[in-house]
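**Q** Structure: target12.cif, mmCIF, C-alpha atoms.
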data_final
#
loop_
_atom_site.group_PDB
_atom_site.id
_atom_site.type_symbol
_atom_site.label_atom_id
_atom_site.label_comp_id
_atom_site.auth_asym_id
_atom_site.auth_seq_id
_atom_site.Cartn_x
_atom_site.Cartn_y
_atom_site.Cartn_z
ATOM 1 C CA MET Q 67 7.840 2.268 7.683
ATOM 2 C CA SER Q 68 10.482 4.951 7.598
ATOM 3 C CA SER Q 69 11.579 4.856 3.951
ATOM 4 C CA PHE Q 70 11.027 3.365 0.532
ATOM 5 C CA ARG Q 71 14.309 1.446 0.974
ATOM 6 C CA GLU Q 72 12.823 -0.241 4.046
ATOM 7 C CA LEU Q 73 9.564 -0.944 2.205
ATOM 8 C CA VAL Q 74 11.451 -2.604 -0.673
ATOM 9 C CA ARG Q 75 13.529 -4.643 1.812
ATOM 10 C CA GLN Q 76 10.383 -5.894 3.531
ATOM 11 C CA LEU Q 77 8.614 -6.670 0.248
ATOM 12 C CA LYS Q 78 11.552 -8.871 -0.779
ATOM 13 C CA GLU Q 79 11.270 -11.019 2.360
ATOM 14 C CA PRO Q 80 9.600 -14.361 1.520
ATOM 15 C CA LYS Q 81 7.267 -14.096 4.538
ATOM 16 C CA ASN Q 82 5.563 -11.027 3.043
ATOM 17 C CA GLN Q 83 3.927 -12.815 0.101
ATOM 18 C CA ALA Q 84 0.468 -11.704 1.245
ATOM 19 C CA TRP Q 85 1.562 -8.042 1.098
ATOM 20 C CA ARG Q 86 3.033 -8.543 -2.395
ATOM 21 C CA ASN Q 87 -0.209 -10.220 -3.493
ATOM 22 C CA PHE Q 88 -2.198 -7.296 -2.097
ATOM 23 C CA ILE Q 89 -0.248 -4.727 -4.134
ATOM 24 C CA GLY Q 90 -0.186 -6.957 -7.230
ATOM 25 C CA VAL Q 91 3.516 -7.925 -7.259
ATOM 26 C CA ARG Q 92 3.526 -11.687 -6.838
ATOM 27 C CA ASN Q 93 7.209 -12.258 -7.681
ATOM 28 C CA ILE Q 94 10.003 -11.046 -5.359
ATOM 29 C CA GLU Q 95 12.194 -10.193 -8.366
ATOM 30 C CA LYS Q 96 9.527 -7.779 -9.656
ATOM 31 C CA VAL Q 97 9.407 -5.637 -6.499
ATOM 32 C CA PRO Q 98 10.047 -2.058 -7.692
ATOM 33 C CA ALA Q 99 13.311 -0.345 -6.758
ATOM 34 C CA HIS Q 100 13.110 2.342 -4.098
ATOM 35 C CA SER Q 101 14.054 4.963 -6.695
ATOM 36 C CA CYS Q 102 10.912 4.124 -8.730
ATOM 37 C CA LEU Q 103 8.767 4.635 -5.648
ATOM 38 C CA SER Q 104 10.528 7.914 -4.833
ATOM 39 C CA ASN Q 105 10.081 9.183 -8.399
ATOM 40 C CA PHE Q 106 6.382 8.315 -8.281
ATOM 41 C CA ARG Q 107 5.936 10.169 -4.985
ATOM 42 C CA ALA Q 108 7.733 13.207 -6.410
ATOM 43 C CA LYS Q 109 5.387 13.303 -9.431
ATOM 44 C CA VAL Q 110 2.130 12.914 -7.505
ATOM 45 C CA SER Q 111 0.900 16.096 -5.860
ATOM 46 C CA ASN Q 112 -0.828 16.031 -2.490
ATOM 47 C CA GLU Q 113 -4.080 16.950 -4.223
ATOM 48 C CA LEU Q 114 -3.840 14.004 -6.636
ATOM 49 C CA PHE Q 115 -2.838 11.625 -3.828
ATOM 50 C CA TYR Q 116 -5.871 12.588 -1.755
ATOM 51 C CA ALA Q 117 -8.166 12.458 -4.784
ATOM 52 C CA ILE Q 118 -7.050 8.861 -5.410
ATOM 53 C CA LEU Q 119 -7.306 8.001 -1.709
ATOM 54 C CA PHE Q 120 -10.821 9.400 -1.339
ATOM 55 C CA ASP Q 121 -11.925 7.671 -4.543
ATOM 56 C CA LEU Q 122 -10.735 4.344 -3.104
ATOM 57 C CA ILE Q 123 -12.521 5.037 0.176
ATOM 58 C CA THR Q 124 -15.726 5.939 -1.699
ATOM 59 C CA GLN Q 125 -15.561 2.656 -3.618
ATOM 60 C CA ALA Q 126 -14.920 0.694 -0.423
ATOM 61 C CA LEU Q 127 -17.881 2.345 1.331
ATOM 62 C CA LYS Q 128 -20.184 1.148 -1.463
ATOM 63 C CA LEU Q 129 -19.313 -2.488 -0.700
ATOM 64 C CA LYS Q 130 -21.543 -3.967 1.977
ATOM 65 C CA ASP Q 131 -19.664 -4.472 5.274
ATOM 66 C CA PHE Q 132 -16.262 -3.800 3.676
ATOM 67 C CA LEU Q 133 -15.592 -0.795 5.919
ATOM 68 C CA LEU Q 134 -17.084 0.236 9.218
ATOM 69 C CA PRO Q 135 -16.674 4.025 8.930
ATOM 70 C CA MET Q 136 -16.921 4.651 12.651
ATOM 71 C CA LEU Q 137 -13.860 2.449 13.216
ATOM 72 C CA THR Q 138 -11.800 3.412 10.156
ATOM 73 C CA GLY Q 139 -8.595 5.426 10.337
ATOM 74 C CA ILE Q 140 -5.893 6.251 7.813
ATOM 75 C CA ASP Q 141 -2.226 6.796 8.489
ATOM 76 C CA SER Q 142 1.115 5.975 6.887
ATOM 77 C CA ARG Q 143 1.726 2.607 8.556
ATOM 78 C CA PRO Q 144 1.783 -0.538 6.410
ATOM 79 C CA ILE Q 145 -1.250 -2.790 6.283
ATOM 80 C CA TRP Q 146 -0.670 -6.404 7.289
ATOM 81 C CA ALA Q 147 -3.222 -9.036 6.436
ATOM 82 C CA ASN Q 148 -3.550 -12.696 7.295
ATOM 83 C CA VAL Q 149 -4.550 -14.409 4.076
ATOM 84 C CA SER Q 150 -4.378 -18.022 3.121
#
Here is the file; what I need is its structure written in the form of structure tokens.
**A**
Amino acid sequence: MSSFRELVRQLKEPKNQAWRNFIGVRNIEKVPAHSCLSNFRAKVSNELFYAILFDLITQALKLKDFLLPMLTGIDSRPIWANVS
């Protein structure tokens, strides 16, 4: 994913309903504008971003078999899931 504009474009595609469900935006019309995402990124410091990220990882590690730490990696690519 190279930009928030591209992310918004992909979220508006009907085939990406699972991704919208994952982030809590079930309706295509309610996908946030790229400017909202950019403003959010500008207001969140690196320290706050990593604090949130590590808190989420800590919560996930507490769930049995949710993560296998020896196989887990984090980068900026989108997560795709097959859900029914």
**Q** Could you list, as a PDB file with C-alpha atoms, keeping the file's coordinate frame, every residue matched by the PyMOL selection byres ((chain Q and resi 96-112) around 8) in this structure?
**A**
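What ended up in part02.pdb:
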ATOM      1  CA  PHE Q  70      11.027   3.365   0.532  1.00  0.00           C
ATOM      2  CA  ARG Q  71      14.309   1.446   0.974  1.00  0.00           C
ATOM      3  CA  LEU Q  73       9.564  -0.944   2.205  1.00  0.00           C
ATOM      4  CA  VAL Q  74      11.451  -2.604  -0.673  1.00  0.00           C
ATOM      5  CA  LEU Q  77       8.614  -6.670   0.248  1.00  0.00           C
ATOM      6  CA  LYS Q  78      11.552  -8.871  -0.779  1.00  0.00           C
ATOM      7  CA  VAL Q  91       3.516  -7.925  -7.259  1.00  0.00           C
ATOM      8  CA  ARG Q  92       3.526 -11.687  -6.838  1.00  0.00           C
ATOM      9  CA  ASN Q  93       7.209 -12.258  -7.681  1.00  0.00           C
ATOM     10  CA  ILE Q  94      10.003 -11.046  -5.359  1.00  0.00           C
ATOM     11  CA  GLU Q  95      12.194 -10.193  -8.366  1.00  0.00           C
ATOM     12  CA  GLU Q 113      -4.080  16.950  -4.223  1.00  0.00           C
ATOM     13  CA  LEU Q 114      -3.840  14.004  -6.636  1.00  0.00           C
ATOM     14  CA  PHE Q 115      -2.838  11.625  -3.828  1.00  0.00           C
ATOM     15  CA  TYR Q 116      -5.871  12.588  -1.755  1.00  0.00           C
TER      16      TYR Q 116
END
**Q** Around range 118-123 of chain Q, fit a box with edges along x, y and z, padding it by 6 Å on each side, then list its centre and edge lengths in Å to one decimal as AutoDock Vina command-line options.
**A**
--center_x -9.8 --center_y 6.9 --center_z -2.6 --size_x 17.5 --size_y 17.1 --size_z 17.6
**Q** So which residues touch Gln76 in chain Q within 10 Å, counting only C-alpha atoms, skipping near sequence neighbours fewer than 6 positions away, as a compact mmCIF listing (two decimals) with C-alpha atoms, keeping the file's coordinate frame?
**A**
# COMPACT_ATOMS: atom_id res chain seq x y z
CA MET Q 67 7.84 2.27 7.68
CA PHE Q 70 11.03 3.36 0.53
CA ASN Q 82 5.56 -11.03 3.04
CA TRP Q 85 1.56 -8.04 1.10
CA ARG Q 86 3.03 -8.54 -2.40
**Q** Provide the CA of Leu122 in chain Q to CA of Gly90 in chain Q distance in Å, to one decimal place.
**A**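 Taking CA of Leu122 in chain Q as the start and CA of Gly90 in chain Q as the end point, the length is 16.0 Å.
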